[in-house]
file target.txt (compact mmCIF, C-alpha atoms)
# COMPACT_ATOMS: atom_id res chain seq x y z
CA MET L 258 9.88 112.60 93.26
CA PRO L 259 7.48 111.58 90.50
CA PRO L 260 5.16 114.24 89.18
CA PRO L 261 1.80 114.52 90.96
CA LYS L 262 -0.83 112.11 89.69
CA PRO L 263 -4.01 113.21 88.02
CA ALA L 264 -6.82 112.72 90.51
CA ALA L 265 -8.45 109.95 88.51
CA PHE L 266 -5.58 107.48 88.53
CA ARG L 267 -5.32 106.64 92.21
CA PRO L 268 -9.04 105.98 92.84
CA GLN L 269 -9.18 103.94 89.66
CA ILE L 270 -6.38 101.76 90.94
CA GLU L 271 -7.83 101.58 94.43
CA SER L 272 -11.16 100.43 93.08
CA LEU L 273 -9.44 97.33 91.72
CA ARG L 274 -8.01 96.36 95.08
CA PRO L 275 -10.76 93.82 95.94
CA TYR L 276 -10.33 92.09 92.61
CA LEU L 277 -6.56 91.96 93.00
CA LEU L 278 -6.85 90.60 96.52
CA ARG L 279 -9.15 87.84 95.37
CA TYR L 280 -6.73 87.00 92.58
CA ALA L 281 -3.71 86.93 94.91
CA ALA L 282 -5.50 84.99 97.63
CA LEU L 283 -6.23 82.22 95.20
CA GLN L 284 -2.56 81.69 94.59
CA LEU L 285 -0.93 82.55 97.88
CA ARG L 286 -3.37 81.11 100.40
CA ASP L 287 -2.10 83.41 103.07
CA ALA L 288 -4.11 86.57 103.61
CA ALA L 289 -1.11 88.55 104.81
CA ALA L 290 1.05 87.54 101.87
CA ALA L 291 -1.78 88.37 99.48
CA GLU L 292 -2.24 91.80 101.10
CA ASP L 293 1.48 92.48 100.78
CA ALA L 294 1.62 91.47 97.14
CA VAL L 295 -1.36 93.65 96.30
CA GLN L 296 0.01 96.59 98.27
CA GLU L 297 3.33 96.33 96.46
CA THR L 298 1.48 96.15 93.18
CA LEU L 299 -0.54 99.29 93.88
CA LEU L 300 2.58 101.16 94.94
CA ALA L 301 4.42 100.02 91.85
CA ALA L 302 1.47 101.09 89.73
CA LEU L 303 1.37 104.56 91.27
CA ALA L 304 5.10 104.95 90.81
CA GLY L 305 4.95 103.71 87.26
CA GLU L 306 1.89 105.45 86.00
CA SER L 307 3.74 106.76 82.98
CA ASN L 308 4.32 103.17 81.87
CA PHE L 309 0.62 102.66 81.75
CA ALA L 310 -0.02 105.34 79.16
CA GLY L 311 -1.68 103.86 76.16
CA ARG L 312 -2.23 100.39 77.57
CA SER L 313 -5.52 98.84 76.75
CA ASN L 314 -6.84 98.10 80.18
CA ILE L 315 -5.78 99.12 83.63
CA ARG L 316 -6.82 95.82 85.16
CA THR L 317 -4.76 93.84 82.69
CA TRP L 318 -1.79 96.00 83.51
CA LEU L 319 -2.23 95.69 87.29
CA THR L 320 -2.79 91.95 87.07
CA ALA L 321 0.42 91.57 85.09
CA ILE L 322 2.35 93.42 87.80
CA LEU L 323 0.67 91.37 90.51
CA LYS L 324 1.48 88.12 88.74
CA HIS L 325 5.18 88.98 88.98
CA LYS L 326 4.80 89.88 92.66
CA ILE L 327 3.11 86.53 93.28
CA VAL L 328 5.90 84.59 91.62
CA ASP L 329 8.40 86.58 93.72
CA THR L 330 6.45 85.79 96.87
CA ILE L 331 6.27 82.09 96.05
CA ARG L 332 10.02 81.99 95.46
CA ARG L 333 10.69 83.84 98.70
CA GLN L 334 8.37 81.59 100.68
CA SER L 335 9.92 78.43 99.30
CA ARG L 336 13.34 79.65 100.39
CA GLU L 337 12.09 80.47 103.86
CA GLN L 338 10.26 77.24 104.54
CA PRO L 339 11.74 74.37 102.58
CA ALA L 340 10.04 71.04 102.14
CA SER L 341 8.82 69.89 105.47
CA GLU L 342 5.35 68.42 105.47
CA ILE L 343 5.32 66.48 102.27
CA ASP L 344 2.23 64.38 102.15
CA ALA L 345 3.37 61.99 99.48
CA ARG L 346 0.20 59.97 99.55
CA SER L 347 0.84 57.79 96.60
CA GLU L 348 -1.05 57.67 93.37
CA ALA L 349 -4.11 59.73 94.15
CA ALA L 350 -5.78 56.93 96.05
CA GLU L 351 -8.82 59.09 96.69
CA PHE L 352 -9.96 58.51 93.13
CA ASP L 353 -10.11 54.75 93.53
CA ALA L 354 -13.87 54.93 93.89
CA LEU L 355 -14.16 56.10 90.30
CA PHE L 356 -12.71 52.85 89.00
CA ASP L 357 -13.46 49.15 89.35
CA ARG L 358 -10.91 46.63 90.54
CA ARG L 359 -9.37 46.37 87.10
CA GLY L 360 -8.96 50.12 86.89
CA HIS L 361 -11.80 50.74 84.45
CA TRP L 362 -14.39 53.46 84.90
CA GLU L 363 -17.32 52.62 87.10
CA GLU L 364 -19.12 55.34 85.18
CA PRO L 365 -17.22 56.64 82.16
CA PRO L 366 -17.17 60.45 82.18
CA ASP L 367 -19.41 62.16 79.64
CA ALA L 368 -18.18 64.93 77.42
CA TRP L 369 -18.91 68.43 78.69
CA GLU L 370 -21.23 70.30 76.44
CA GLN L 371 -19.70 73.34 74.80
CA PRO L 372 -17.27 74.13 77.60
CA GLU L 373 -15.86 77.10 75.64
CA GLY L 374 -19.17 78.84 76.22
CA ALA L 375 -18.48 78.83 79.95
CA LEU L 376 -15.15 80.60 79.65
CA GLY L 377 -16.48 84.12 79.42
CA GLN L 378 -19.06 83.71 82.14
CA LYS L 379 -18.58 85.31 85.50
CA GLN L 380 -20.51 82.57 87.32
CA PHE L 381 -18.34 79.92 85.74
CA LEU L 382 -15.21 81.70 86.91
CA ALA L 383 -16.67 81.84 90.40
CA ALA L 384 -17.39 78.10 90.25
CA LEU L 385 -13.84 77.39 89.12
CA GLU L 386 -12.42 79.52 91.93
CA ALA L 387 -14.60 77.73 94.46
CA CYS L 388 -13.36 74.37 93.17
CA LEU L 389 -9.76 75.58 93.44
CA ARG L 390 -10.34 76.67 97.04
CA ALA L 391 -11.71 73.23 97.86
CA LEU L 392 -8.37 71.62 96.97
CA PRO L 393 -5.69 71.01 99.60
CA GLU L 394 -3.60 74.15 99.80
CA ARG L 395 -0.36 72.87 98.32
CA THR L 396 -2.17 70.99 95.60
CA ALA L 397 -4.00 74.16 94.58
CA ARG L 398 -0.80 76.17 94.60
CA ALA L 399 1.02 73.60 92.47
CA PHE L 400 -1.86 73.64 90.02
CA MET L 401 -2.02 77.44 89.84
CA MET L 402 1.74 77.66 89.38
CA ARG L 403 1.56 75.19 86.54
CA GLU L 404 -1.62 76.21 84.75
CA HIS L 405 -2.08 79.85 85.59
CA LEU L 406 1.43 81.16 86.04
CA GLY L 407 2.72 78.71 83.43
CA LEU L 408 5.76 77.56 85.42
CA GLU L 409 7.57 74.36 84.47
CA THR L 410 7.28 71.45 86.90
CA SER L 411 11.01 71.70 87.61
CA GLU L 412 10.40 75.21 88.95
CA ILE L 413 7.38 74.11 90.93
CA CYS L 414 9.41 71.30 92.49
CA LYS L 415 12.14 73.69 93.49
CA GLU L 416 9.69 76.16 94.91
CA LEU L 417 7.59 73.68 96.86
CA GLY L 418 10.59 71.51 97.73
CA ILE L 419 9.11 68.34 96.25
CA THR L 420 10.25 65.69 93.81
CA ALA L 421 9.15 65.55 90.18
CA THR L 422 7.13 62.42 90.88
CA HIS L 423 5.34 64.09 93.74
CA SER L 424 4.53 67.11 91.61
CA TRP L 425 2.94 64.87 88.96
CA VAL L 426 0.86 63.15 91.63
CA MET L 427 -0.27 66.52 93.00
CA LEU L 428 -1.12 67.89 89.57
CA HIS L 429 -3.00 64.74 88.65
CA ARG L 430 -4.92 64.96 91.89
CA ALA L 431 -5.73 68.61 91.20
CA ARG L 432 -6.98 67.90 87.70
CA MET L 433 -9.09 64.94 88.76
CA SER L 434 -10.61 66.90 91.65
CA LEU L 435 -11.31 69.95 89.54
CA ARG L 436 -12.95 67.99 86.76
CA GLN L 437 -15.14 66.24 89.29
CA CYS L 438 -15.96 69.49 91.06
CA LEU L 439 -16.84 71.30 87.84
CA GLU L 440 -18.86 68.37 86.65
CA ILE L 441 -20.95 68.51 89.80
CA ASN L 442 -21.18 72.28 90.11
CA TRP L 443 -21.28 73.43 86.53
CA PHE L 444 -21.53 70.86 83.78
CA GLY L 445 -23.63 68.39 85.72
CA LYS L 446 -26.84 67.39 84.11
CA ALA L 447 -29.51 66.72 86.66
CA MET C 270 -3.44 47.54 77.65
CA LEU C 271 -3.58 50.47 80.05
CA SER C 272 -6.43 50.69 82.50
CA CYS C 273 -8.52 53.85 82.59
CA LYS C 274 -6.99 54.74 85.92
CA GLU C 275 -3.46 54.53 84.53
CA THR C 276 -4.61 56.42 81.47
CA THR C 277 -5.85 59.41 83.47
CA ARG C 278 -2.49 59.50 85.21
CA LEU C 279 -0.58 59.50 81.94
CA LEU C 280 -2.94 62.08 80.47
CA SER C 281 -2.18 64.36 83.37
CA GLN C 282 1.56 63.76 83.17
CA GLY C 283 1.41 64.44 79.45
CA GLU C 284 0.46 68.01 80.39
CA ASP C 285 3.56 68.33 82.57
CA ARG C 286 6.36 66.33 80.95
CA LYS C 287 7.26 64.73 77.67
CA LEU C 288 5.98 61.18 77.70
CA ALA C 289 8.27 58.34 76.69
CA PHE C 290 7.49 56.91 73.28
CA GLY C 291 6.13 53.69 74.78
CA GLU C 292 3.85 55.62 77.11
CA TRP C 293 2.62 57.73 74.25
CA LEU C 294 1.83 54.66 72.15
CA ALA C 295 0.01 52.95 74.99
CA LEU C 296 -1.98 56.11 75.61
CA ARG C 297 -2.93 56.42 71.95
CA ALA C 298 -4.04 52.80 71.84
CA HIS C 299 -6.23 53.23 74.90
CA LEU C 300 -7.76 56.52 73.79
CA ALA C 301 -8.69 54.99 70.45
CA ILE C 302 -11.14 52.68 72.17
CA CYS C 303 -12.21 54.58 75.30
CA ASP C 304 -14.71 57.44 75.16
CA GLY C 305 -14.50 58.13 78.89
CA CYS C 306 -10.76 58.74 78.80
CA ARG C 307 -11.03 60.81 75.62
CA ASN C 308 -13.52 63.01 77.45
CA VAL C 309 -11.14 63.36 80.37
CA LYS C 310 -8.35 64.35 78.00
CA ALA C 311 -10.52 67.14 76.61
CA GLN C 312 -11.50 68.18 80.13
CA PHE C 313 -7.88 68.44 81.29
CA ALA C 314 -7.15 70.65 78.28
CA PHE C 315 -10.18 72.76 79.09
CA LEU C 316 -9.04 73.12 82.72
CA ARG C 317 -5.76 74.50 81.49
CA LEU C 318 -7.48 76.99 79.23
CA ALA C 319 -9.93 78.07 81.92
CA THR C 320 -7.26 78.43 84.59
CA LYS C 321 -4.99 80.39 82.31
CA GLY C 322 -7.85 82.79 81.67
CA LEU C 323 -8.77 83.32 85.32
CA SER C 324 -7.63 86.91 85.26
CA ARG C 325 -8.51 87.80 81.71
CA ASP C 326 -10.52 90.94 81.28
CA ASP C 327 -13.36 89.53 79.34
CA ASN C 328 -14.14 87.27 82.26
CA GLU C 329 -15.92 89.96 84.16
CA GLU C 330 -17.64 93.23 83.73
CA LYS C 331 -18.24 92.81 80.08
CA PRO C 332 -19.49 96.10 78.75
CA ALA C 333 -23.14 95.71 77.93
call {"tool": "encode", "arguments": {"input": "target.txt", "output": "structure tokens"}}
result
Amino acid sequence: MPPPKPAAFRPQIESLRPYLLRYAALQLRDAAAAEDAVQETLLAALAGESNFAGRSNIRTWLTAILKHKIVDTIRRQSREQPASEIDARSEAAEFDALFDRRGHWEEPPDAWEQPEGALGQKQFLAALEACLRALPERTARAFMMREHLGLETSEICKELGITATHSWVMLHRARMSLRQCLEINWFGKA
Amino acid sequence: MLSCKETTRLLSQGEDRKLAFGEWLALRAHLAICDGCRNVKAQFAFLRLATKGLSRDDNEEKPA
């Protein structure tokens, strides 16, 4: 049995549950799986309180644990339900409207003004999350695995049961959609 | 010469795999003359940075 916890630790951890759920839901897209991952994280945190001592920030620490749980969950899920519905719609055809017949921009994209300034802003983060949620589920997951969790495409392919070519199409689609979405909802100049 | 459409695809793939030398050269040549695609390149890089930082602590609840 671990020693009893000081009263402050548990409520502090519990208060972060909504944040952790939001974070997990963005990457797992299955409310039950997100709940499980967060629950496991909170339990692990309570059991490992001594490991926390001296860390800078409790949320950073919890998020790091949760990130591992999410990767575990993704790996487990991909074993349980291997590649079935692969919508290999080729070459991101939905972006055709952006280009003319020769493949040149109908309207060349403008540079975003001082995008770094958006990074620390809560509203920007909310806009980015909303844009991620608007993506098709598997596309969003592939993108989060690549850009947030930092997995290699070979790992993503294995976990989603897709080919390398398909993963590049999905990631391209995600990037094009997100840049369009952010342009409209954040960087857009009226 | 690459089209802009092909260029966005290679820009994206360049984030995920090592491009072949020929692809890299073609990309460079196109970017040298195309503002729109250069902007997209910067935007893809920004997306990566922003997504990586989704859970960073300074994103929320900054102490006043």
call {"tool": "closest_atom_pairs", "arguments": {"input": "target.txt", "of": "chain C", "to": "chain L", "cutoff": "6 Å", "atoms": "all atoms listed in the file", "output": "tab-separated table"}}
result
residue	atom	partner	partner_atom	distance
C:Ser272	CA	L:Gly360	CA	5.1
C:Cys273	CA	L:His361	CA	4.9
C:Lys274	CA	L:Gly360	CA	5.1
C:Ser281	CA	L:His429	CA	5.4
C:Gly305	CA	L:Pro365	CA	4.5
C:Asn308	CA	L:Ala368	CA	5.0
C:Arg317	CA	L:Glu404	CA	5.5
C:Thr320	CA	L:His405	CA	5.5
C:Lys321	CA	L:His405	CA	4.4
C:Asn328	CA	L:Gly377	CA	4.8
C:Glu329	CA	L:Lys379	CA	5.5
call {"tool": "residues_around", "arguments": {"input": "target.txt", "residues": "region 298-300 of chain L", "least_positions_apart": "6", "cutoff": "8 Å", "atoms": "only C-alpha atoms", "output": "PDB file with C-alpha atoms, in the frame of the given file"}}
result
ATOM      1  CA  ILE L 270      -6.380 101.760  90.940  1.00  0.00           C
ATOM      2  CA  GLU L 271      -7.830 101.580  94.430  1.00  0.00           C
ATOM      3  CA  LEU L 319      -2.230  95.690  87.290  1.00  0.00           C
ATOM      4  CA  ILE L 322       2.350  93.420  87.800  1.00  0.00           C
ATOM      5  CA  LEU L 323       0.670  91.370  90.510  1.00  0.00           C
ATOM      6  CA  LYS L 326       4.800  89.880  92.660  1.00  0.00           C
TER       7      LYS L 326
END
call {"tool": "residues_near_point", "arguments": {"input": "target.txt", "point": "(5.4, 81.5, 95.0)", "cutoff": "10 Å", "atoms": "only C-alpha atoms", "output": "list in words"}}
result
Gln284, Leu285, Lys324, His325, Lys326, Ile327, Val328, Asp329, Thr330, Ile331, Arg332, Arg333, Gln334, Ser335, Arg336, Arg398, Ala399, Met401, Met402, Leu406, Ile413, Glu416 and Leu417 of chain L
call {"tool": "closest_residue", "arguments": {"input": "target.txt", "among": "C:Ala314, C:Leu271, C:Val309, C:Ala319", "to": "Ala295 (chain C)", "atoms": "all atoms listed in the file"}}
result
C:Leu271
call {"tool": "atom_distance", "arguments": {"input": "target.txt", "atom1": "CA of Ala298 (chain C)", "atom2": "CA of Gln312 (chain C)"}}
result
19.0 Å
call {"tool": "atom_distance", "arguments": {"input": "target.txt", "atom1": "CA of Pro275 (chain L)", "atom2": "CA of Thr396 (chain L)"}}
result
24.4 Å
call {"tool": "atom_distance", "arguments": {"input": "target.txt", "atom1": "CA of Phe444 (chain L)", "atom2": "CA of Ile302 (chain C)"}}
result
23.9 Å
call {"tool": "residues_around", "arguments": {"input": "target.txt", "residues": "Leu279 (chain C)", "least_positions_apart": "3", "cutoff": "9 Å", "atoms": "all atoms listed in the file", "output": "PyMOL selection string"}}
result
(chain L and resi 429) or (chain C and resi 274-276+282-284+288+292-293+296)
